[in-house]
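Asks: Take a look at entry-v4.txt, compact mmCIF, C-alpha atoms and all ligand atoms:
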# COMPACT_ATOMS: atom_id res chain seq x y z
CA MET R 16 109.26 150.09 87.14
CA ASN R 17 110.23 147.51 84.57
CA THR R 18 113.77 148.35 83.50
CA SER R 19 113.79 146.12 80.43
CA LYS R 20 111.35 147.92 78.13
CA PRO R 21 110.00 145.68 75.39
CA THR R 22 110.38 146.77 71.80
CA VAL R 23 108.20 144.07 70.25
CA ALA R 24 104.73 143.04 71.44
CA ARG R 25 104.55 139.29 71.97
CA THR R 26 101.70 136.83 72.48
CA ALA R 27 100.18 136.96 75.95
CA VAL R 28 100.90 134.21 78.45
CA ARG R 29 98.60 132.48 80.88
CA ILE R 30 99.93 132.15 84.40
CA VAL R 31 98.46 129.48 86.65
CA GLU R 32 99.18 130.45 90.24
CA VAL R 33 99.92 127.31 92.24
CA GLY R 34 101.21 128.92 95.47
CA PRO R 35 98.18 128.08 97.63
CA ARG R 36 98.61 124.39 96.68
CA ASP R 37 102.13 123.55 95.49
CA GLY R 38 103.58 126.31 97.66
CA LEU R 39 101.73 125.73 100.91
CA GLN R 40 101.81 121.92 100.69
CA ASN R 41 105.50 122.02 101.49
CA GLU R 42 105.74 124.90 103.95
CA PRO R 43 106.47 123.79 107.52
CA ALA R 44 104.10 126.46 108.89
CA ASN R 45 100.44 125.75 108.19
CA LEU R 46 98.38 128.83 107.34
CA PRO R 47 95.00 129.08 109.07
CA LEU R 48 91.90 128.93 106.88
CA ASP R 49 91.27 132.68 106.92
CA ALA R 50 94.87 133.40 105.88
CA LYS R 51 94.55 130.96 102.96
CA ARG R 52 91.39 132.73 101.88
CA GLU R 53 93.08 136.09 102.15
CA LEU R 54 96.06 134.84 100.13
CA ILE R 55 93.80 133.68 97.30
CA GLU R 56 91.83 136.93 97.33
CA ARG R 57 95.02 139.00 97.27
CA LEU R 58 96.31 136.95 94.31
CA ALA R 59 93.02 137.53 92.51
CA ARG R 60 93.21 141.27 93.21
CA ALA R 61 96.70 141.26 91.68
CA GLY R 62 95.13 139.95 88.47
CA LEU R 63 95.66 136.18 88.61
CA ARG R 64 92.74 134.40 87.02
CA GLU R 65 93.63 130.77 87.77
CA ILE R 66 94.62 129.99 91.31
CA GLU R 67 95.11 126.39 92.39
CA ALA R 68 93.37 126.46 95.74
CA GLY R 69 94.13 123.09 97.35
CA ALA R 70 94.34 119.31 97.09
CA PHE R 71 91.87 116.58 97.98
CA VAL R 72 94.55 114.12 99.04
CA SER R 73 95.13 112.10 102.18
CA PRO R 74 95.58 114.40 105.22
CA LYS R 75 97.96 111.78 106.61
CA HIS R 76 100.26 112.39 103.63
CA ILE R 77 99.81 116.15 103.21
CA PRO R 78 98.38 117.71 106.39
CA GLN R 79 98.79 121.24 104.96
CA MET R 80 95.99 120.51 102.47
CA ALA R 81 93.59 118.91 104.99
CA ASP R 82 91.29 121.96 105.01
CA SER R 83 90.85 122.18 101.22
CA GLY R 84 87.14 121.31 101.51
CA PRO R 85 86.31 124.02 104.07
CA LEU R 86 88.51 126.47 102.15
CA LEU R 87 86.74 125.90 98.85
CA ARG R 88 83.35 126.22 100.57
CA LEU R 89 84.46 129.48 102.16
CA LEU R 90 85.69 130.84 98.83
CA ARG R 91 82.48 129.79 97.10
CA SER R 92 80.31 131.37 99.81
CA GLU R 93 80.98 134.86 98.46
CA PRO R 94 81.44 134.28 94.72
CA GLU R 95 81.47 137.99 93.89
CA ARG R 96 84.84 138.35 95.66
CA LEU R 97 86.45 135.98 93.14
CA ALA R 98 84.38 136.71 90.05
CA GLY R 99 86.03 135.37 86.90
CA VAL R 100 88.67 133.42 88.85
CA ARG R 101 89.11 129.68 88.37
CA LEU R 102 89.99 127.70 91.48
CA PRO R 103 91.26 124.28 90.37
CA VAL R 104 92.17 121.61 92.95
CA LEU R 105 94.13 118.35 92.85
CA THR R 106 92.11 115.12 92.85
CA PRO R 107 94.23 111.92 92.77
CA ASN R 108 91.28 109.51 92.70
CA LEU R 109 87.49 109.29 92.71
CA GLN R 110 87.38 109.78 96.49
CA GLY R 111 89.20 113.10 96.14
CA TYR R 112 87.17 114.12 93.10
CA THR R 113 83.85 113.45 94.87
CA ALA R 114 84.91 115.46 97.92
CA ALA R 115 86.15 118.30 95.70
CA VAL R 116 82.92 118.53 93.73
CA GLU R 117 80.87 118.43 96.94
CA ALA R 118 82.90 121.41 98.14
CA GLY R 119 82.11 123.32 94.93
CA ALA R 120 85.08 122.53 92.64
CA ASP R 121 84.48 123.10 88.95
CA HIS R 122 88.06 122.64 87.78
CA VAL R 123 90.21 119.74 88.92
CA ALA R 124 93.58 118.18 88.16
CA VAL R 125 94.88 114.63 88.18
CA PHE R 126 98.59 114.03 88.64
CA ALA R 127 100.79 111.28 87.30
CA ALA R 128 104.56 110.88 87.06
CA ALA R 129 106.96 109.82 84.33
CA SER R 130 108.96 107.84 86.90
CA GLU R 131 107.73 104.61 88.52
CA THR R 132 109.54 105.21 91.80
CA PHE R 133 108.23 108.76 92.12
CA SER R 134 104.72 107.54 91.37
CA GLN R 135 104.95 104.96 94.16
CA LYS R 136 106.35 107.48 96.65
CA ASN R 137 103.92 110.25 95.72
CA ILE R 138 100.61 108.49 95.21
CA ASN R 139 101.34 104.96 96.39
CA CYS R 140 100.75 103.18 93.08
CA SER R 141 102.43 102.43 89.75
CA ILE R 142 102.06 104.77 86.77
CA ASP R 143 99.66 102.32 85.15
CA GLU R 144 97.54 102.01 88.30
CA SER R 145 97.43 105.80 88.57
CA LEU R 146 95.99 106.08 85.06
CA ARG R 147 93.35 103.46 85.95
CA ARG R 148 92.47 105.54 89.04
CA PHE R 149 92.03 108.62 86.86
CA GLU R 150 89.57 106.89 84.49
CA PRO R 151 86.52 107.22 86.79
CA VAL R 152 87.58 110.78 87.67
CA LEU R 153 87.68 111.73 83.99
CA ALA R 154 84.39 109.95 83.28
CA ALA R 155 82.62 111.75 86.15
CA ALA R 156 84.17 115.07 85.17
CA ARG R 157 83.13 114.63 81.54
CA ALA R 158 79.52 113.98 82.63
CA ALA R 159 79.60 117.07 84.86
CA ARG R 160 81.40 119.19 82.23
CA ILE R 161 84.29 119.76 84.62
CA ARG R 162 87.67 120.52 83.09
CA VAL R 163 90.50 118.20 84.15
CA ARG R 164 94.11 119.29 83.90
CA GLY R 165 96.71 116.53 83.80
CA TYR R 166 100.00 116.98 85.60
CA LEU R 167 103.04 114.95 84.72
CA SER R 168 105.90 115.00 87.23
CA CYS R 169 109.60 114.25 86.71
CA VAL R 170 109.53 115.21 83.02
CA VAL R 171 113.26 115.83 83.03
CA ALA R 172 114.55 113.83 85.96
CA CYS R 173 113.42 111.88 89.01
CA PRO R 174 114.99 112.20 92.46
CA TYR R 175 115.19 108.40 92.67
CA GLU R 176 115.76 107.23 89.07
CA GLY R 177 117.77 110.07 87.52
CA ALA R 178 117.24 111.20 83.91
CA ILE R 179 113.87 110.45 82.31
CA ALA R 180 113.63 109.78 78.56
CA PRO R 181 111.65 112.39 76.55
CA ALA R 182 109.83 109.54 74.75
CA THR R 183 108.45 108.29 78.10
CA VAL R 184 107.15 111.77 78.93
CA ALA R 185 105.62 112.20 75.47
CA ALA R 186 103.80 108.84 75.56
CA LEU R 187 102.30 109.57 78.98
CA ALA R 188 101.29 113.11 78.05
CA ALA R 189 99.53 111.76 74.96
CA GLU R 190 97.81 109.06 77.01
CA LEU R 191 96.50 111.61 79.53
CA MET R 192 95.17 113.71 76.64
CA ASN R 193 93.52 110.66 75.07
CA MET R 194 91.87 109.91 78.39
CA GLY R 195 90.22 113.34 78.33
CA CYS R 196 92.53 115.82 80.05
CA SER R 197 92.16 119.33 78.68
CA GLU R 198 95.88 120.14 78.96
CA ILE R 199 99.11 118.77 80.37
CA SER R 200 101.31 120.60 82.83
CA LEU R 201 104.86 119.33 82.43
CA GLY R 202 106.62 119.32 85.80
CA ASP R 203 110.33 119.61 86.39
CA THR R 204 109.53 118.50 89.93
CA ILE R 205 113.07 118.70 91.28
CA GLY R 206 114.13 121.77 89.32
CA VAL R 207 117.25 120.31 87.72
CA GLY R 208 116.37 120.96 84.08
CA THR R 209 118.11 123.38 81.75
CA PRO R 210 117.04 124.29 78.21
CA GLY R 211 119.44 121.50 77.22
CA THR R 212 117.09 118.90 78.72
CA VAL R 213 113.78 120.79 78.71
CA LEU R 214 113.77 121.51 74.96
CA PRO R 215 114.33 117.90 73.80
CA MET R 216 111.53 116.87 76.17
CA LEU R 217 109.22 119.58 74.76
CA GLU R 218 110.10 118.58 71.19
CA ALA R 219 109.12 114.97 71.92
CA VAL R 220 105.87 115.92 73.66
CA ALA R 221 104.86 118.53 71.05
CA ARG R 222 105.00 115.84 68.35
CA LEU R 223 102.02 114.18 70.10
CA VAL R 224 100.21 116.98 71.95
CA PRO R 225 99.42 120.44 70.52
CA LEU R 226 101.58 123.16 72.05
CA LYS R 227 98.57 125.18 73.12
CA GLN R 228 97.61 122.32 75.43
CA LEU R 229 100.99 122.19 77.17
CA GLY R 230 102.07 124.07 80.24
CA GLY R 231 105.46 124.49 81.89
CA HIS R 232 105.77 123.76 85.61
CA PHE R 233 109.32 124.52 86.64
CA HIS R 234 110.68 124.23 90.16
CA ASP R 235 113.68 126.40 90.87
CA THR R 236 116.10 124.19 92.81
CA TYR R 237 119.07 124.95 90.55
CA GLY R 238 117.98 128.52 89.77
CA MET R 239 117.06 127.56 86.19
CA ALA R 240 113.29 128.00 86.36
CA VAL R 241 113.09 131.46 84.74
CA THR R 242 115.54 130.35 82.03
CA ASN R 243 113.47 127.24 81.37
CA CYS R 244 110.26 129.31 81.16
CA TYR R 245 111.92 131.61 78.64
CA ALA R 246 113.17 128.68 76.56
CA ALA R 247 109.72 127.07 76.67
CA TYR R 248 108.11 130.39 75.66
CA GLU R 249 110.44 130.71 72.69
CA PHE R 250 109.53 127.13 71.80
CA GLY R 251 105.85 128.14 71.76
CA VAL R 252 104.49 127.25 75.22
CA ARG R 253 102.10 129.92 76.54
CA THR R 254 100.93 128.47 79.87
CA PHE R 255 103.18 128.59 82.93
CA ASP R 256 102.65 127.57 86.53
CA ALA R 257 104.21 129.74 89.21
CA SER R 258 104.08 130.25 92.95
CA VAL R 259 103.96 133.65 94.62
CA ALA R 260 107.25 134.34 96.46
CA GLY R 261 108.50 130.99 95.07
CA LEU R 262 106.82 129.19 97.97
CA GLY R 263 106.99 125.47 98.39
CA GLY R 264 108.54 122.38 96.89
CA CYS R 265 107.39 118.77 96.77
CA PRO R 266 107.03 116.56 99.83
CA TYR R 267 108.24 113.53 97.82
CA ALA R 268 111.24 115.26 96.25
CA PRO R 269 113.66 115.95 99.12
CA GLY R 270 115.65 119.15 98.67
CA ALA R 271 113.51 120.46 95.79
CA SER R 272 112.62 124.12 96.08
CA GLY R 273 109.44 125.92 95.18
CA ASN R 274 108.09 126.80 91.76
CA VAL R 275 109.40 129.69 89.77
CA ALA R 276 108.32 132.81 91.67
CA THR R 277 105.26 134.41 90.07
CA GLU R 278 106.81 137.87 90.53
CA ASP R 279 109.89 136.82 88.52
CA LEU R 280 107.77 135.31 85.77
CA VAL R 281 105.59 138.43 85.49
CA TYR R 282 108.72 140.60 85.29
CA LEU R 283 110.21 138.35 82.60
CA PHE R 284 107.14 138.24 80.40
CA GLU R 285 106.14 141.88 80.79
CA GLY R 286 109.76 142.69 79.95
CA LEU R 287 109.40 140.65 76.79
CA GLY R 288 106.17 142.44 75.88
CA ALA R 289 104.08 139.32 76.55
CA SER R 290 101.15 140.46 78.63
CA THR R 291 100.33 138.55 81.84
CA GLY R 292 97.37 140.58 83.13
CA VAL R 293 99.08 140.75 86.53
CA ASP R 294 99.84 143.92 88.49
CA LEU R 295 103.43 143.37 89.66
CA ASP R 296 103.25 145.86 92.56
CA ALA R 297 100.12 144.22 93.97
CA LEU R 298 101.73 140.80 93.53
CA VAL R 299 104.92 141.85 95.35
CA GLU R 300 102.72 143.17 98.16
CA CYS R 301 100.87 139.83 98.28
CA GLY R 302 104.17 137.91 98.36
CA SER R 303 105.46 140.04 101.27
CA TRP R 304 102.23 139.49 103.12
CA VAL R 305 102.26 135.69 102.78
CA CYS R 306 105.96 135.48 103.67
CA ALA R 307 105.23 137.45 106.87
CA GLN R 308 102.41 135.02 107.67
CA LEU R 309 104.72 132.05 107.14
CA GLY R 310 107.77 133.63 108.81
CA ARG R 311 110.02 133.00 105.81
CA PRO R 312 111.81 135.17 103.25
CA SER R 313 110.63 135.44 99.66
CA SER R 314 112.46 133.41 97.02
CA SER R 315 111.60 136.01 94.38
CA ARG R 316 114.60 138.07 93.25
CA VAL R 317 112.27 140.67 91.76
CA ALA R 318 110.29 141.04 95.00
CA ALA R 319 113.46 141.22 97.14
CA SER R 320 114.90 143.95 94.96
CA ARG R 321 111.68 146.00 94.90
CA ILE R 322 111.26 145.74 98.65
CA ALA R 323 114.89 146.75 99.24
CA ARG R 324 114.46 149.73 96.91
CA ARG R 325 111.28 150.80 98.68
CA ALA R 326 113.03 150.54 102.06
CA GLY R 327 115.91 152.62 100.68
CA ASP R 328 113.48 155.27 99.35
CA ALA R 329 111.70 155.41 102.71
CA ALA R 330 115.00 155.85 104.59
CA ALA R 331 116.25 158.61 102.23
P1 LIG X 1 96.52 105.37 99.21
O1 LIG X 1 97.12 105.12 100.56
O2 LIG X 1 97.07 104.59 98.08
O3 LIG X 1 94.96 105.18 99.21
O4 LIG X 1 96.55 106.92 98.95
P2 LIG X 1 94.02 104.04 99.65
O5 LIG X 1 92.96 104.04 98.63
O6 LIG X 1 94.76 102.77 99.94
O7 LIG X 1 93.45 104.61 101.04
C1 LIG X 1 94.26 104.74 102.19
C2 LIG X 1 93.70 105.85 103.06
O8 LIG X 1 93.77 107.10 102.36
C3 LIG X 1 92.24 105.65 103.44
O9 LIG X 1 92.05 106.26 104.71
C4 LIG X 1 91.51 106.49 102.42
O10 LIG X 1 90.26 106.94 102.89
C5 LIG X 1 92.45 107.66 102.28
P3 LIG X 1 92.14 105.40 106.09
O11 LIG X 1 91.11 104.33 105.92
O12 LIG X 1 93.54 104.86 106.16
O13 LIG X 1 91.83 106.43 107.14
N1 LIG X 1 92.32 108.36 100.99
C6 LIG X 1 92.05 109.66 100.88
N2 LIG X 1 91.86 110.61 101.81
C7 LIG X 1 91.61 111.86 101.36
N3 LIG X 1 91.54 112.17 100.04
C8 LIG X 1 91.73 111.23 99.10
C9 LIG X 1 91.98 109.91 99.51
N4 LIG X 1 92.22 108.76 98.84
C10 LIG X 1 92.41 107.82 99.75
N5 LIG X 1 91.65 111.56 97.81
C11 LIG X 1 96.67 108.95 97.82
C12 LIG X 1 96.53 107.46 97.68
C13 LIG X 1 96.94 109.52 96.45
C14 LIG X 1 95.38 109.53 98.37
C15 LIG X 1 97.84 109.27 98.80
O14 LIG X 1 98.99 108.57 98.39
C16 LIG X 1 98.14 110.73 98.91
O15 LIG X 1 97.34 111.51 99.40
N6 LIG X 1 99.35 111.17 98.46
C17 LIG X 1 99.76 112.54 98.50
C18 LIG X 1 99.95 113.02 97.07
C19 LIG X 1 100.26 114.51 97.02
O16 LIG X 1 99.43 115.32 97.38
N7 LIG X 1 101.49 114.86 96.55
C20 LIG X 1 101.86 116.22 96.35
C21 LIG X 1 101.16 116.82 95.17
S1 LIG X 1 101.82 116.31 93.61
C22 LIG X 1 103.05 117.49 93.27
O17 LIG X 1 103.35 118.31 94.11
C23 LIG X 1 103.66 117.52 91.91
C24 LIG X 1 103.11 118.66 91.02
O18 LIG X 1 103.26 119.91 91.65
C25 LIG X 1 103.83 118.68 89.66
C26 LIG X 1 105.36 118.68 89.79
O19 LIG X 1 105.94 119.57 90.45
O20 LIG X 1 105.95 117.77 89.23
C27 LIG X 1 101.61 118.47 90.73
MG MG X 2 105.08 121.08 91.61
Reformat the file's structure so that it appears as structure tokens.
Replies:
Amino acid sequence: MNTSKPTVARTAVRIVEVGPRDGLQNEPANLPLDAKRELIERLARAGLREIEAGAFVSPKHIPQMADSGPLLRLLRSEPERLAGVRLPVLTPNLQGYTAAVEAGADHVAVFAAASETFSQKNINCSIDESLRRFEPVLAAARAARIRVRGYLSCVVACPYEGAIAPATVAALAAELMNMGCSEISLGDTIGVGTPGTVLPMLEAVARLVPLKQLGGHFHDTYGMAVTNCYAAYEFGVRTFDASVAGLGGCPYAPGASGNVATEDLVYLFEGLGASTGVDLDALVECGSWVCAQLGRPSSSRVAASRIARRAGDAAA
């Protein structure tokens, strides 16, 4: 039941589910391969059509993503189970890109940061070096007709450098687009933004990159992620990243919590009359299942309330 019935139909939104990557990369418990496959299939059954499946990064840095190759191969072995579902993966350099394509990837993402210190901590190079590393990835992807998403981290603030200037974010977003990225996902990596900082950043970026090629990627550390998604929607953004049950965080942003919970985002947008294509009940079920696998509670307020109501109904 959605208790906030929409009165006006709004433009649909596109939700990119990043739980199996951004979520699981920062969970202390590592899900076995079969459980990762089941998570992705459950998300697909709930209606998600873009599910970030893993990351081809150094296993020494992010051990939780070490089985991304076998996982992608497993998912590709029975394509009918995920028909119509895109499974993008992170590829920080040509080595990662090559391994991803060998495992069957046909959508990839490069990731840069708007903060020098974060770039060094996250991918062990300067911002400029990171862009040079992406050049061969983008060239190879162009030749293979593979779509490359560009992530930009710390678009509002950096855990090491503090506030980041909107002009810095805009210039980097434009550069990634010029290099051949198909869209830019703007990451409030540490979840400290409010509409007061997110909107000036969006205004600066939207002067250089069309809105339809921008996505919002809001972590929820300060509980502002849903608010920021709403503000970005009103501004004209229609692509949002989210993580089922609000799993995760960022290994190089101490204290940062997971992405906005997909359940909460679906409730928000369906409440607004902006279709998401996602079945909220099936998604809540999926979130409960993965939380049980990981031995952790859900960070989704919507899921917690639905589960409590169901338990109350069962007890009555
Ligand atoms: P590096 O140390 O600079 O690389 O790593 P290198 O070229 O000097 O190589 C060193 C070793 O790494 C070598 O292995 C390479 O083979 C290996 P060794 O000889 O020592 O055994 N290596 C790789 N192994 C697997 N896959 C690769 C790869 N490249 C080199 N692709 C690298 C650079 C980027 C790989 C490393 O720093 C790394 O893996 N960092 C982790 C980055 C990461 O996954 N961060 C989290 C995701 S980003 C994020 O969460 C933010 C986002 O959600 C948006 C937001 O919220 O803001 C996207
Ligand atoms: Mg993230």
Asks: Neighbouring residues of region 68-71 of chain R were defined as those with any atom within 8 Å, considering all atoms listed in the file; residues of the same chain fewer than 3 positions away were excluded. Please report them as a PyMOL selection string.
Replies: chain R and resi 33+35-36+55+80-81+83-84+87+102-107+111-112+114-115
Asks: Which one of R:Cys140, R:Ala128, R:Ala156, R:Cys244 sits closest to ligand MG 2 (chain X) if you count all atoms listed in the file?
Replies: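 For ligand MG 2 (chain X), the nearest of the given residues is R:Ala128.
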Asks: Name the residues, by chain letter and number, that sit within 6 Å of ligand LIG 1 (chain X) using all atoms listed in the file, and give them as JSON, numbers by chain.
Replies: {"R": [37, 71, 72, 73, 76, 77, 107, 108, 110, 111, 126, 137, 138, 139, 166, 168, 169, 202, 203, 204, 265]}
Asks: Between R:Ala27, R:Ala178, R:Val275, R:Leu146, which residue has the minimum interatomic distance to ligand MG 2 (chain X), considering only C-alpha atoms and all ligand atoms?
Replies: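 Comparing R:Ala27, R:Ala178, R:Val275, R:Leu146 against ligand MG 2 (chain X), the winner is R:Val275.
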Asks: Do you know which residues are at most 8 Å from region 316-322 of chain R counting all atoms listed in the file, after dropping those on the same chain fewer than 6 positions away, and could you put them as an MDAnalysis selection string?
Replies: chainID R and resid 260 278:279 282 299 302:303
Asks: Taking only C-alpha atoms and all ligand atoms into account, name the residue in R:Leu283, R:Leu223, R:Val100, R:Val31 that is nearest to ligand MG 2 (chain X).
Replies: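 Looking at the shortest contact to ligand MG 2 (chain X), the residue is R:Val31.
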Asks: Choose the residue, out of R:Trp304, R:Phe149, R:Tyr248, R:Tyr267, that has the smallest atom-to-atom separation from Thr132 (chain R); count all atoms listed in the file.
Replies: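 Counting all atoms listed in the file, the residue closest to Thr132 (chain R) is R:Tyr267.
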Asks: When you draw a straight line from CA of Gly99 (chain R) to CA of Thr113 (chain R), how long is it in Å?
Replies: 23.4 Å
